[in-house]
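Engineer: Handing over work-v5.pdb, PDB, C-alpha atoms.
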```pdb
MODEL        1
ATOM      1  CA  MET A  19       0.781 -10.600 -30.350
ATOM      2  CA  ASN A  20       2.728 -10.211 -27.114
ATOM      3  CA  ASP A  21       0.460 -11.793 -24.476
ATOM      4  CA  GLU A  22       2.716 -10.589 -21.648
ATOM      5  CA  ARG A  23       2.617  -6.842 -22.244
ATOM      6  CA  PHE A  24      -0.571  -6.383 -20.172
ATOM      7  CA  ASP A  25       0.406  -8.839 -17.419
ATOM      8  CA  GLY A  26       1.196  -6.097 -14.902
ATOM      9  CA  LEU A  27      -2.215  -4.437 -15.232
ATOM     10  CA  LEU A  28      -4.142  -7.720 -15.407
ATOM     11  CA  LEU A  29      -2.190  -9.105 -12.445
ATOM     12  CA  ASN A  30      -3.302  -6.180 -10.312
ATOM     13  CA  MET A  31      -6.903  -6.589 -11.493
ATOM     14  CA  ALA A  32      -6.912 -10.320 -10.762
ATOM     15  CA  GLN A  33      -5.677  -9.878  -7.213
ATOM     16  CA  GLN A  34      -8.415  -7.342  -6.454
ATOM     17  CA  HIS A  35     -11.204  -9.780  -7.397
ATOM     18  CA  GLN A  36     -12.607 -12.738  -5.513
ATOM     19  CA  GLY A  37     -12.500 -15.454  -8.154
ATOM     20  CA  ILE A  38     -12.758 -15.695 -11.934
ATOM     21  CA  ASP A  39     -16.464 -14.767 -12.096
ATOM     22  CA  ALA A  40     -15.887 -11.352 -10.531
ATOM     23  CA  LEU A  41     -12.862 -10.705 -12.780
ATOM     24  CA  LEU A  42     -14.759 -11.588 -15.948
ATOM     25  CA  ASP A  43     -17.723  -9.494 -14.813
ATOM     26  CA  SER A  44     -15.465  -6.445 -14.468
ATOM     27  CA  MET A  45     -13.927  -7.025 -17.914
ATOM     28  CA  PHE A  46     -17.298  -7.376 -19.646
ATOM     29  CA  GLY A  47     -18.607  -4.411 -17.689
ATOM     30  CA  PHE A  48     -15.752  -2.349 -19.144
ATOM     31  CA  LEU A  49     -16.578  -3.568 -22.664
ATOM     32  CA  ARG A  50     -20.236  -2.664 -22.114
ATOM     33  CA  ARG A  51     -19.519   0.840 -20.804
ATOM     34  CA  LYS A  52     -16.583   1.912 -22.930
ATOM     35  CA  THR A  53     -16.895   0.000 -26.246
ATOM     36  CA  ASP A  54     -19.471  -1.198 -28.770
ATOM     37  CA  PHE A  55     -18.626  -4.867 -28.172
ATOM     38  CA  PHE A  56     -22.226  -5.800 -27.408
ATOM     39  CA  THR A  57     -23.941  -3.481 -29.894
ATOM     40  CA  GLY A  58     -21.494  -3.184 -32.801
ATOM     41  CA  THR A  59     -21.873  -6.705 -34.200
ATOM     42  CA  GLY A  60     -24.972  -7.869 -32.388
ATOM     43  CA  ALA A  61     -25.329 -10.510 -29.708
ATOM     44  CA  ALA A  62     -24.291 -13.342 -32.051
ATOM     45  CA  GLY A  63     -21.176 -11.503 -33.169
ATOM     46  CA  ALA A  64     -20.148 -10.758 -29.599
ATOM     47  CA  ARG A  65     -20.577 -14.411 -28.580
ATOM     48  CA  ASP A  66     -18.606 -15.571 -31.632
ATOM     49  CA  ALA A  67     -15.743 -13.203 -30.792
ATOM     50  CA  LEU A  68     -15.721 -14.451 -27.217
ATOM     51  CA  LEU A  69     -15.764 -18.096 -28.326
ATOM     52  CA  ARG A  70     -12.932 -17.546 -30.813
ATOM     53  CA  ALA A  71     -10.745 -15.983 -28.125
ATOM     54  CA  TYR A  72     -11.532 -18.837 -25.718
ATOM     55  CA  GLU A  73     -10.745 -21.482 -28.326
ATOM     56  CA  ARG A  74      -7.399 -19.861 -29.168
ATOM     57  CA  GLN A  75      -6.329 -20.002 -25.534
ATOM     58  CA  GLU A  76      -7.755 -23.520 -25.166
ATOM     59  CA  ARG A  77      -5.518 -24.701 -28.019
ATOM     60  CA  VAL A  78      -2.497 -23.125 -26.317
ATOM     61  CA  VAL A  79      -3.335 -24.953 -23.074
ATOM     62  CA  ALA A  80      -3.845 -28.264 -24.909
ATOM     63  CA  ALA A  81      -0.478 -27.940 -26.652
ATOM     64  CA  SER A  82       1.189 -27.145 -23.359
ATOM     65  CA  LEU A  83      -0.343 -30.187 -21.656
ATOM     66  CA  LYS A  84       0.977 -32.476 -24.387
ATOM     67  CA  GLN A  85       4.514 -31.348 -23.588
ATOM     68  CA  GLN A  86       4.220 -32.257 -19.921
ATOM     69  CA  LYS A  87       5.794 -35.416 -18.548
ATOM     70  CA  PRO A  88       3.529 -38.523 -18.531
ATOM     71  CA  LYS A  89       3.641 -38.780 -14.713
ATOM     72  CA  THR A  90       2.364 -35.252 -14.215
ATOM     73  CA  VAL A  91      -0.924 -35.331 -12.301
ATOM     74  CA  ILE A  92      -3.391 -32.515 -12.873
ATOM     75  CA  LYS A  93      -5.577 -32.048  -9.819
ATOM     76  CA  GLU A  94      -9.209 -31.179 -10.326
ATOM     77  CA  VAL A  95     -10.169 -27.810  -8.889
ATOM     78  CA  LYS A  96     -13.689 -27.740  -7.527
ATOM     79  CA  GLU A  97     -14.053 -23.970  -7.678
ATOM     80  CA  PRO A  98     -12.527 -21.866 -10.492
ATOM     81  CA  LYS A  99      -9.686 -19.697  -9.271
ATOM     82  CA  VAL A 100      -7.413 -17.177 -10.932
ATOM     83  CA  THR A 101      -3.842 -18.505 -11.079
ATOM     84  CA  VAL A 102      -1.211 -15.777 -11.403
ATOM     85  CA  VAL A 103       2.271 -16.517 -12.751
ATOM     86  CA  GLU A 104       4.860 -13.812 -12.134
ATOM     87  CA  THR A 105       7.855 -13.093 -14.309
ATOM     88  CA  PRO A 106      11.237 -12.355 -12.662
ATOM     89  CA  GLU A 107      10.703  -8.637 -13.343
ATOM     90  CA  GLU A 108       7.343  -8.726 -11.592
ATOM     91  CA  VAL A 109       8.820 -10.564  -8.612
ATOM     92  CA  LEU A 110      11.460  -7.840  -8.287
ATOM     93  CA  ALA A 111       8.834  -5.105  -8.516
ATOM     94  CA  ARG A 112       6.719  -6.810  -5.874
ATOM     95  CA  GLU A 113       9.617  -7.192  -3.460
ATOM     96  CA  THR A 114      10.853  -3.611  -3.811
ATOM     97  CA  ALA A 115       7.610  -1.649  -4.078
ATOM     98  CA  GLU A 116       5.193  -4.194  -2.512
ATOM     99  CA  LEU A 117       2.789  -3.670  -5.404
ATOM    100  CA  THR A 118       1.182  -7.062  -4.954
ATOM    101  CA  LYS A 119       2.222  -8.210  -1.509
ATOM    102  CA  ARG A 120      -1.055  -7.825   0.356
ATOM    103  CA  THR A 121      -4.718  -7.239  -0.362
ATOM    104  CA  ALA A 122      -6.617  -4.566   1.490
ATOM    105  CA  GLY A 123      -7.718  -5.544   4.992
ATOM    106  CA  THR A 124      -4.990  -8.113   5.758
ATOM    107  CA  ASP A 125      -4.542  -8.391   9.509
ATOM    108  CA  ALA A 126      -1.192  -7.494  11.013
ATOM    109  CA  GLU A 127       1.004 -10.135  12.563
ATOM    110  CA  VAL A 128       0.603 -10.034  16.315
ATOM    111  CA  ILE A 129       3.603 -10.286  18.606
ATOM    112  CA  PRO A 130       2.647 -11.271  22.188
ATOM    113  CA  GLY A 131       2.845  -8.318  24.526
ATOM    114  CA  ASP A 132       3.014  -5.839  21.636
ATOM    115  CA  GLU A 133      -0.550  -4.536  21.971
ATOM    116  CA  ALA A 134      -1.445  -1.555  24.102
ATOM    117  CA  GLU A 135      -4.116  -2.201  26.723
ATOM    118  CA  GLY A 136      -7.633  -2.184  25.241
ATOM    119  CA  GLU A 137      -6.405  -2.097  21.639
ATOM    120  CA  SER A 138      -6.673  -5.081  19.315
ATOM    121  CA  ALA A 139      -4.416  -5.994  16.398
ATOM    122  CA  GLU A 140      -7.269  -5.084  14.033
ATOM    123  CA  ASP A 141      -7.408  -1.575  15.505
ATOM    124  CA  LYS A 142      -3.675  -1.142  14.970
ATOM    125  CA  GLY A 143      -3.858  -2.101  11.289
ATOM    126  CA  GLN A 144      -1.957  -4.362   8.921
ATOM    127  CA  ALA A 145       1.796  -4.863   9.031
ATOM    128  CA  PRO A 146       3.616  -2.338   6.802
ATOM    129  CA  ASN A 147       5.251  -3.466   3.569
ATOM    130  CA  SER A 148       8.998  -3.202   2.926
ATOM    131  CA  GLY A 149       8.536   0.464   2.046
ATOM    132  CA  ASN A 150       6.818   1.222   5.389
ATOM    133  CA  GLY A 151       3.491   1.684   3.621
ATOM    134  CA  GLY A 152       0.539  -0.486   2.721
ATOM    135  CA  THR A 153      -2.269  -1.268   0.281
ATOM    136  CA  GLY A 154      -5.356   0.813  -0.369
ATOM    137  CA  PRO A 155      -8.347   0.298  -2.681
ATOM    138  CA  GLY A 156      -6.693   0.137  -6.094
ATOM    139  CA  TYR A 157      -3.264   1.443  -5.081
ATOM    140  CA  VAL A 158      -0.170   0.735  -3.014
ATOM    141  CA  TRP A 159       1.961   3.215  -1.101
ATOM    142  CA  THR A 160       5.294   3.609   0.654
ATOM    143  CA  GLN A 161       6.746   6.344   2.847
ATOM    144  CA  VAL A 162       9.755   7.921   4.463
ATOM    145  CA  LEU A 163       9.549  10.588   7.143
ATOM    146  CA  ALA A 164       9.546  13.401   4.563
ATOM    147  CA  GLU A 165       7.136  12.097   1.937
ATOM    148  CA  VAL A 166       4.635   9.473   0.780
ATOM    149  CA  GLU A 167       4.670   7.753  -2.610
ATOM    150  CA  VAL A 168       1.388   6.403  -4.024
ATOM    151  CA  ARG A 169       1.349   4.066  -7.055
ATOM    152  CA  VAL A 170      -1.947   3.627  -8.923
ATOM    153  CA  PRO A 171      -2.213   1.131 -11.836
ATOM    154  CA  ILE A 172      -3.954   2.774 -14.812
ATOM    155  CA  LEU A 173      -4.970   1.642 -18.297
ATOM    156  CA  MET A 174      -1.996   0.963 -20.574
ATOM    157  CA  GLY A 175      -1.202   3.945 -22.779
ATOM    158  CA  THR A 176      -3.015   6.507 -20.601
ATOM    159  CA  ARG A 177      -1.690  10.050 -21.113
ATOM    160  CA  ALA A 178      -1.494  12.749 -18.472
ATOM    161  CA  ARG A 179      -4.211  14.837 -20.104
ATOM    162  CA  ALA A 180      -6.629  11.918 -19.762
ATOM    163  CA  LEU A 181      -6.400  12.093 -15.947
ATOM    164  CA  ASP A 182      -7.939  14.515 -13.489
ATOM    165  CA  VAL A 183      -5.536  14.710 -10.519
ATOM    166  CA  GLN A 184      -6.484  17.107  -7.716
ATOM    167  CA  LEU A 185      -3.748  17.194  -5.097
ATOM    168  CA  GLY A 186      -4.570  19.676  -2.345
ATOM    169  CA  PRO A 187      -3.141  20.240   1.143
ATOM    170  CA  THR A 188      -5.762  18.020   2.790
ATOM    171  CA  ARG A 189      -7.483  16.052   0.011
ATOM    172  CA  LEU A 190      -6.596  13.791  -2.935
ATOM    173  CA  ARG A 191      -8.726  12.929  -5.948
ATOM    174  CA  VAL A 192      -7.727  10.896  -9.007
ATOM    175  CA  ALA A 193     -10.108  10.039 -11.866
ATOM    176  CA  TYR A 194     -10.239   9.565 -15.622
ATOM    177  CA  ARG A 195     -11.620  12.676 -17.262
ATOM    178  CA  ASN A 196     -14.088  10.598 -19.264
ATOM    179  CA  ALA A 197     -15.332   8.895 -16.066
ATOM    180  CA  PRO A 198     -15.492  11.632 -13.388
ATOM    181  CA  ASN A 199     -18.095   9.734 -11.360
ATOM    182  CA  GLU A 200     -15.822   6.702 -10.944
ATOM    183  CA  PRO A 201     -12.724   8.107  -9.183
ATOM    184  CA  LEU A 202      -9.734   5.861  -8.565
ATOM    185  CA  ILE A 203      -9.012   7.708  -5.297
ATOM    186  CA  ASP A 204     -11.112  10.367  -3.601
ATOM    187  CA  GLY A 205     -10.964  11.411   0.042
ATOM    188  CA  PRO A 206      -9.300  13.436   2.812
ATOM    189  CA  LEU A 207      -5.615  12.765   3.358
ATOM    190  CA  PHE A 208      -4.322  11.271   6.612
ATOM    191  CA  ALA A 209      -2.420  14.502   7.303
ATOM    192  CA  THR A 210      -1.631  17.832   5.631
ATOM    193  CA  VAL A 211       0.821  17.899   2.725
ATOM    194  CA  ARG A 212       2.794  20.653   1.042
ATOM    195  CA  SER A 213       0.855  20.722  -2.211
ATOM    196  CA  ASP A 214       3.347  23.034  -3.936
ATOM    197  CA  ASP A 215       6.111  20.479  -3.326
ATOM    198  CA  SER A 216       3.967  17.457  -4.242
ATOM    199  CA  VAL A 217       4.090  16.098  -7.792
ATOM    200  CA  TRP A 218       2.710  13.296  -9.961
ATOM    201  CA  THR A 219       3.851  11.511 -13.101
ATOM    202  CA  ILE A 220       3.085   8.445 -15.239
ATOM    203  CA  GLU A 221       5.565   5.554 -15.383
ATOM    204  CA  ASP A 222       5.698   3.023 -18.224
ATOM    205  CA  SER A 223       2.375   4.358 -19.540
ATOM    206  CA  SER A 224       0.615   2.158 -16.970
ATOM    207  CA  VAL A 225       1.259   3.451 -13.428
ATOM    208  CA  LEU A 226       0.367   6.823 -11.930
ATOM    209  CA  VAL A 227       2.964   7.811  -9.310
ATOM    210  CA  LEU A 228       2.122  10.550  -6.795
ATOM    211  CA  THR A 229       4.772  11.945  -4.444
ATOM    212  CA  LEU A 230       3.226  13.754  -1.456
ATOM    213  CA  SER A 231       5.470  16.013   0.609
ATOM    214  CA  LYS A 232       4.439  15.802   4.266
ATOM    215  CA  GLN A 233       3.798  19.012   6.185
ATOM    216  CA  ASN A 234       4.917  17.288   9.387
ATOM    217  CA  GLN A 235       8.065  15.444   8.392
ATOM    218  CA  MET A 236       8.523  13.827  11.795
ATOM    219  CA  GLU A 237       5.585  11.408  11.783
ATOM    220  CA  TRP A 238       4.623   8.123  10.136
ATOM    221  CA  TRP A 239       1.284   7.937   8.325
ATOM    222  CA  THR A 240      -1.050   5.030   9.072
ATOM    223  CA  SER A 241      -2.857   5.439   5.727
ATOM    224  CA  VAL A 242      -2.918   7.733   2.702
ATOM    225  CA  VAL A 243      -6.638   8.506   2.785
ATOM    226  CA  GLN A 244      -8.684   8.622   5.965
ATOM    227  CA  GLY A 245     -10.917   5.566   6.226
ATOM    228  CA  HIS A 246      -8.709   3.401   4.015
ATOM    229  CA  PRO A 247      -6.862   0.348   5.412
ATOM    230  CA  LYS A 248      -4.330   1.340   8.090
ATOM    231  CA  ILE A 249      -0.852   0.047   8.843
ATOM    232  CA  ASN A 250       0.641  -0.580  12.267
ATOM    233  CA  THR A 251       3.252   2.175  12.684
ATOM    234  CA  GLN A 252       4.794   0.281  15.604
ATOM    235  CA  LYS A 253       6.187  -2.114  13.006
ATOM    236  CA  VAL A 254       7.690   0.566  10.742
ATOM    237  CA  GLN A 255      11.363  -0.215  10.072
ATOM    238  CA  PRO A 256      13.374   2.742   8.693
ATOM    239  CA  GLU A 257      16.460   1.667   6.793
ATOM    240  CA  SER A 258      19.503   1.841   9.048
ATOM    241  CA  SER A 259      21.609   2.961   6.119
ATOM    242  CA  LYS A 260      19.450   6.048   5.763
ATOM    243  CA  LEU A 261      19.829   6.880   9.456
ATOM    244  CA  SER A 262      23.592   6.531   9.194
ATOM    245  CA  ASP A 263      23.601   9.114   6.416
ATOM    246  CA  LEU A 264      22.256  11.759   8.827
ATOM    247  CA  ASP A 265      24.460  14.031  10.867
ATOM    248  CA  GLY A 266      24.752  13.259  14.564
ATOM    249  CA  GLU A 267      22.245  15.839  15.798
ATOM    250  CA  THR A 268      19.584  14.999  13.198
ATOM    251  CA  ARG A 269      19.997  11.270  13.716
ATOM    252  CA  ALA A 270      19.633  11.683  17.478
ATOM    253  CA  THR A 271      16.451  13.707  16.965
ATOM    254  CA  VAL A 272      14.951  11.086  14.621
ATOM    255  CA  GLU A 273      15.832   8.189  16.920
ATOM    256  CA  LYS A 274      14.382  10.051  19.924
ATOM    257  CA  MET A 275      11.168  10.731  17.983
ATOM    258  CA  MET A 276      10.859   7.051  17.021
ATOM    259  CA  PHE A 277      11.477   5.934  20.610
ATOM    260  CA  ASP A 278       8.920   8.386  22.040
ATOM    261  CA  GLN A 279       6.290   7.463  19.442
ATOM    262  CA  ARG A 280       6.606   3.754  20.200
ATOM    263  CA  ALA A 281       6.626   4.421  23.966
ATOM    264  CA  LYS A 282       3.362   6.394  23.741
ATOM    265  CA  GLU A 283       1.699   3.667  21.664
ATOM    266  CA  LEU A 284       2.708   1.081  24.263
ATOM    267  CA  GLY A 285       1.628   3.260  27.183
ATOM    268  CA  GLN A 286       5.202   3.648  28.417
ATOM    269  CA  LYS A 287       7.231   6.689  29.453
ATOM    270  CA  THR A 288       8.879   8.902  26.831
ATOM    271  CA  SER A 289      12.573   9.742  26.888
ATOM    272  CA  ASP A 290      11.858  13.174  28.443
ATOM    273  CA  GLU A 291       9.753  11.607  31.194
ATOM    274  CA  ARG A 292      12.466   9.051  31.913
ATOM    275  CA  GLN A 293      15.077  11.793  32.065
ATOM    276  CA  LYS A 294      13.021  13.815  34.560
ATOM    277  CA  GLU A 295      12.474  10.718  36.670
ATOM    278  CA  ASP A 296      16.232   9.991  36.725
ATOM    279  CA  MET A 297      16.972  13.587  37.704
ATOM    280  CA  LEU A 298      14.501  13.362  40.606
ATOM    281  CA  LYS A 299      16.008  10.073  41.791
ATOM    282  CA  ASN A 300      19.514  11.552  41.754
ATOM    283  CA  PHE A 301      18.299  14.607  43.642
ATOM    284  CA  MET A 302      16.617  12.363  46.223
ATOM    285  CA  LYS A 303      19.867  10.462  46.753
ATOM    286  CA  GLN A 304      21.741  13.725  47.280
ATOM    287  CA  HIS A 305      19.148  15.003  49.785
ATOM    288  CA  PRO A 306      17.965  12.051  51.901
ATOM    289  CA  GLU A 307      16.780  14.423  54.615
ATOM    290  CA  MET A 308      13.959  15.726  52.366
ATOM    291  CA  ASP A 309      10.516  14.099  52.046
ATOM    292  CA  PHE A 310       9.603  13.305  48.423
ATOM    293  CA  SER A 311       6.662  11.015  49.100
ATOM    294  CA  ASN A 312       4.189  13.462  47.500
ATOM    295  CA  ALA A 313       6.476  14.597  44.678
ATOM    296  CA  LYS A 314       5.052  14.457  41.134
ATOM    297  CA  ILE A 315       6.877  14.626  37.813
ATOM    298  CA  ASN A 316       5.327  17.007  35.256
TER     299      ASN A 316
ENDMDL
END
```
Can you give me the file's structure in the form of structure tokens?

Structural biologist:
Amino acid sequence: MNDERFDGLLLNMAQQHQGIDALLDSMFGFLRRKTDFFTGTGAAGARDALLRAYERQERVVAASLKQQKPKTVIKEVKEPKVTVVETPEEVLARETAELTKRTAGTDAEVIPGDEAEGESAEDKGQAPNSGNGGTGPGYVWTQVLAEVEVRVPILMGTRARALDVQLGPTRLRVAYRNAPNEPLIDGPLFATVRSDDSVWTIEDSSVLVLTLSKQNQMEWWTSVVQGHPKINTQKVQPESSKLSDLDGETRATVEKMMFDQRAKELGQKTSDERQKEDMLKNFMKQHPEMDFSNAKIN
């Protein structure tokens, strides 16, 4: 049996639980709700099956310890913890899609002087991942100006017909059809999307991928669903290579939008306001005889 084929799904589960007790509780809860593990063979049969599985893995661990060098010191762990070992493929997936980089609610890194007056780092949200997105309850997401991509781990082998995906202009709902009262995602979207241009698919029989086409393709989202963990859009870093692919006029528009958005968040003047101020200063220099003490820039 290939013990590694479920590592991706189990890795995601492990990192969403606080310790081994919570992880095991979720697994046995699944067996109770969706299988006859507890009732099919009786309590004794269920315990025997559990003990057999434990003993198999215990023998693997014992054999592995015998192969270690004599000087290897195994430190005693006071509290059981889930140790996750990533394969090279999983490391690559984590770095590119940020599937396991952060847990929900991680505070953003604070740079001195970067906060607007009266706004804390917690209010701004967590730092975005390498795809300019973040982590939500049971999913991760990335974005570009035009669209948002949401990746939701699902049970291995799940087919499209087993899912109920409702992707509307202002709301998103994802659930298994046999468990409609336990949705994976359900809530109002951060902003309106073009539902006709938005699609979803299943990758590797284990990940649901939703691509949401933004209605306003000139703004960065702070979250996918309202009320879910936010990211700090001040720290969004569009790829320079993508900007260089744009024509001059479009690139100038995008860069101006990014500058103005950051200026507003920091309580500073936008590019238009700076331009008007420069025009007034030049006019004042050309007409020193005029009184501009009460002049206001609108």

Engineer: In Å, how far is it from CA of Gly37 in chain A to CA of Gly143 in chain A?

Structural biologist: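 We find that CA of Gly37 in chain A and CA of Gly143 in chain A lie 25.1 Å from each other.
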
Engineer: Leaving out Leu190 in chain A and any residue of its chain fewer than 5 positions from it, which residues lie within 10 Å of it when counting all atoms listed in the file, given as a ChimeraX atom specification?

Structural biologist: /A:183-185,203-207,230,242-243

Engineer: Run the PyMOL selection byres ((chain A and resi 145) around 6) on the file and write out the hits as a PyMOL selection string.

Structural biologist: chain A and resi 126+144+146+249-250

Engineer: To one decimal place in Å, what is the distance between CA of Val227 in chain A and CA of Arg169 in chain A?

Structural biologist: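 The value is 4.7 Å.
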
Engineer: Just say which residues the PyMOL selection byres ((chain A and resi 210) around 7) picks in this file, as an MDAnalysis selection string.

Structural biologist: chainID A and resid 187:188 207 209 211:212 232:233

Engineer: Between A:Leu83, A:Met276, A:Met31, A:Ala67, which is the closest to Leu173 in chain A once you count all atoms listed in the file?

Structural biologist: A:Met31

Engineer: Can you list, as a ChimeraX atom specification, every protein, DNA or RNA residue that comes within 12 Å of Ser224 in chain A when you count only C-alpha atoms, leaving out same-chain residues fewer than 6 positions away?

Structural biologist: /A:23-28,30,169-178

Engineer: How many Å lie between CA of Gly154 in chain A and CA of Val168 in chain A, rounded to one decimal?

Structural biologist: 9.5 Å

Engineer: Between A:Gln255, A:Thr271, A:Gln36, A:Asn300, which residue has the minimum interatomic distance to Gly151 in chain A, considering only C-alpha atoms?

Structural biologist: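 The answer is A:Gln255, which sits nearest to Gly151 in chain A.
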
Engineer: Hey, can I get the axis-aligned box for range 185-193 of chain A? All listed atoms, 8 Å padding on each side, centre and edge lengths in Å to one decimal, as JSON.

Structural biologist:
```
{"center_x": -6.6, "center_y": 15.1, "center_z": -4.5, "size_x": 23.0, "size_y": 26.2, "size_z": 30.7}
```

Engineer: May I ask which of the residues A:Leu226, A:Ala81, A:Val272, A:Ala180 is the closest one to Glu167 in chain A, counting only C-alpha atoms?

Structural biologist: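 Checking each of A:Leu226, A:Ala81, A:Val272, A:Ala180 against Glu167 in chain A, counting only C-alpha atoms, the winner is A:Leu226.
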
Engineer: Check which residues satisfy the PyMOL selection byres ((chain A and resi 197-199) around 10) in the file shown, then give them as a list in words.

Structural biologist: Lys52, Ala180, Leu181, Asp182, Val192, Ala193, Tyr194, Arg195, Asn196, Glu200, Pro201 and Leu202 of chain A

Engineer: Might you pull out every residue within 10 Å of Thr160 in chain A, with all atoms listed in the file counted and same-chain residues fewer than 4 positions away left off, and present them as a PyMOL selection string?

Structural biologist: chain A and resi 115-117+146-153+165-169+229+239+241-242

Engineer: Can you patch up range 205-211 of chain A, filling it in to all heavy atoms, and show the result as a PDB file, in the coordinates of the input?

Structural biologist:
```
ATOM      1  N   GLY A 205     -10.724  11.324  -1.388  1.00  0.00           N
ATOM      2  CA  GLY A 205     -10.964  11.411   0.042  1.00  0.00           C
ATOM      3  C   GLY A 205      -9.974  12.316   0.739  1.00  0.00           C
ATOM      4  O   GLY A 205      -8.985  12.773   0.152  1.00  0.00           O
ATOM      5  N   PRO A 206     -10.213  12.598   2.033  1.00  0.00           N
ATOM      6  CA  PRO A 206      -9.300  13.436   2.812  1.00  0.00           C
ATOM      7  C   PRO A 206      -8.022  12.684   3.156  1.00  0.00           C
ATOM      8  O   PRO A 206      -8.050  11.501   3.493  1.00  0.00           O
ATOM      9  CB  PRO A 206     -10.118  13.748   4.078  1.00  0.00           C
ATOM     10  CG  PRO A 206     -11.061  12.589   4.212  1.00  0.00           C
ATOM     11  CD  PRO A 206     -11.397  12.177   2.807  1.00  0.00           C
ATOM     12  N   LEU A 207      -6.898  13.373   3.057  1.00  0.00           N
ATOM     13  CA  LEU A 207      -5.615  12.765   3.358  1.00  0.00           C
ATOM     14  C   LEU A 207      -5.461  12.510   4.856  1.00  0.00           C
ATOM     15  O   LEU A 207      -6.107  13.170   5.681  1.00  0.00           O
ATOM     16  CB  LEU A 207      -4.477  13.669   2.875  1.00  0.00           C
ATOM     17  CG  LEU A 207      -4.356  13.832   1.358  1.00  0.00           C
ATOM     18  CD1 LEU A 207      -3.409  14.970   1.018  1.00  0.00           C
ATOM     19  CD2 LEU A 207      -3.877  12.535   0.729  1.00  0.00           C
ATOM     20  N   PHE A 208      -4.591  11.579   5.207  1.00  0.00           N
ATOM     21  CA  PHE A 208      -4.322  11.271   6.612  1.00  0.00           C
ATOM     22  C   PHE A 208      -3.814  12.505   7.347  1.00  0.00           C
ATOM     23  O   PHE A 208      -4.186  12.751   8.494  1.00  0.00           O
ATOM     24  CB  PHE A 208      -3.295  10.141   6.706  1.00  0.00           C
ATOM     25  CG  PHE A 208      -2.794   9.893   8.101  1.00  0.00           C
ATOM     26  CD1 PHE A 208      -3.546   9.164   9.002  1.00  0.00           C
ATOM     27  CD2 PHE A 208      -1.574  10.420   8.516  1.00  0.00           C
ATOM     28  CE1 PHE A 208      -3.090   8.951  10.297  1.00  0.00           C
ATOM     29  CE2 PHE A 208      -1.111  10.206   9.804  1.00  0.00           C
ATOM     30  CZ  PHE A 208      -1.870   9.476  10.696  1.00  0.00           C
ATOM     31  N   ALA A 209      -2.965  13.292   6.693  1.00  0.00           N
ATOM     32  CA  ALA A 209      -2.420  14.502   7.303  1.00  0.00           C
ATOM     33  C   ALA A 209      -2.152  15.514   6.196  1.00  0.00           C
ATOM     34  O   ALA A 209      -2.217  15.198   4.999  1.00  0.00           O
ATOM     35  CB  ALA A 209      -1.140  14.198   8.084  1.00  0.00           C
ATOM     36  N   THR A 210      -1.858  16.748   6.595  1.00  0.00           N
ATOM     37  CA  THR A 210      -1.631  17.832   5.631  1.00  0.00           C
ATOM     38  C   THR A 210      -0.335  17.620   4.856  1.00  0.00           C
ATOM     39  O   THR A 210       0.661  17.146   5.403  1.00  0.00           O
ATOM     40  CB  THR A 210      -1.570  19.178   6.361  1.00  0.00           C
ATOM     41  OG1 THR A 210      -2.767  19.353   7.128  1.00  0.00           O
ATOM     42  CG2 THR A 210      -1.435  20.330   5.374  1.00  0.00           C
ATOM     43  N   VAL A 211      -0.371  17.979   3.563  1.00  0.00           N
ATOM     44  CA  VAL A 211       0.821  17.899   2.725  1.00  0.00           C
ATOM     45  C   VAL A 211       1.145  19.278   2.168  1.00  0.00           C
ATOM     46  O   VAL A 211       0.306  20.183   2.162  1.00  0.00           O
ATOM     47  CB  VAL A 211       0.630  16.914   1.553  1.00  0.00           C
ATOM     48  CG1 VAL A 211       0.337  15.512   2.067  1.00  0.00           C
ATOM     49  CG2 VAL A 211      -0.483  17.368   0.614  1.00  0.00           C
TER      50      VAL A 211
END
```
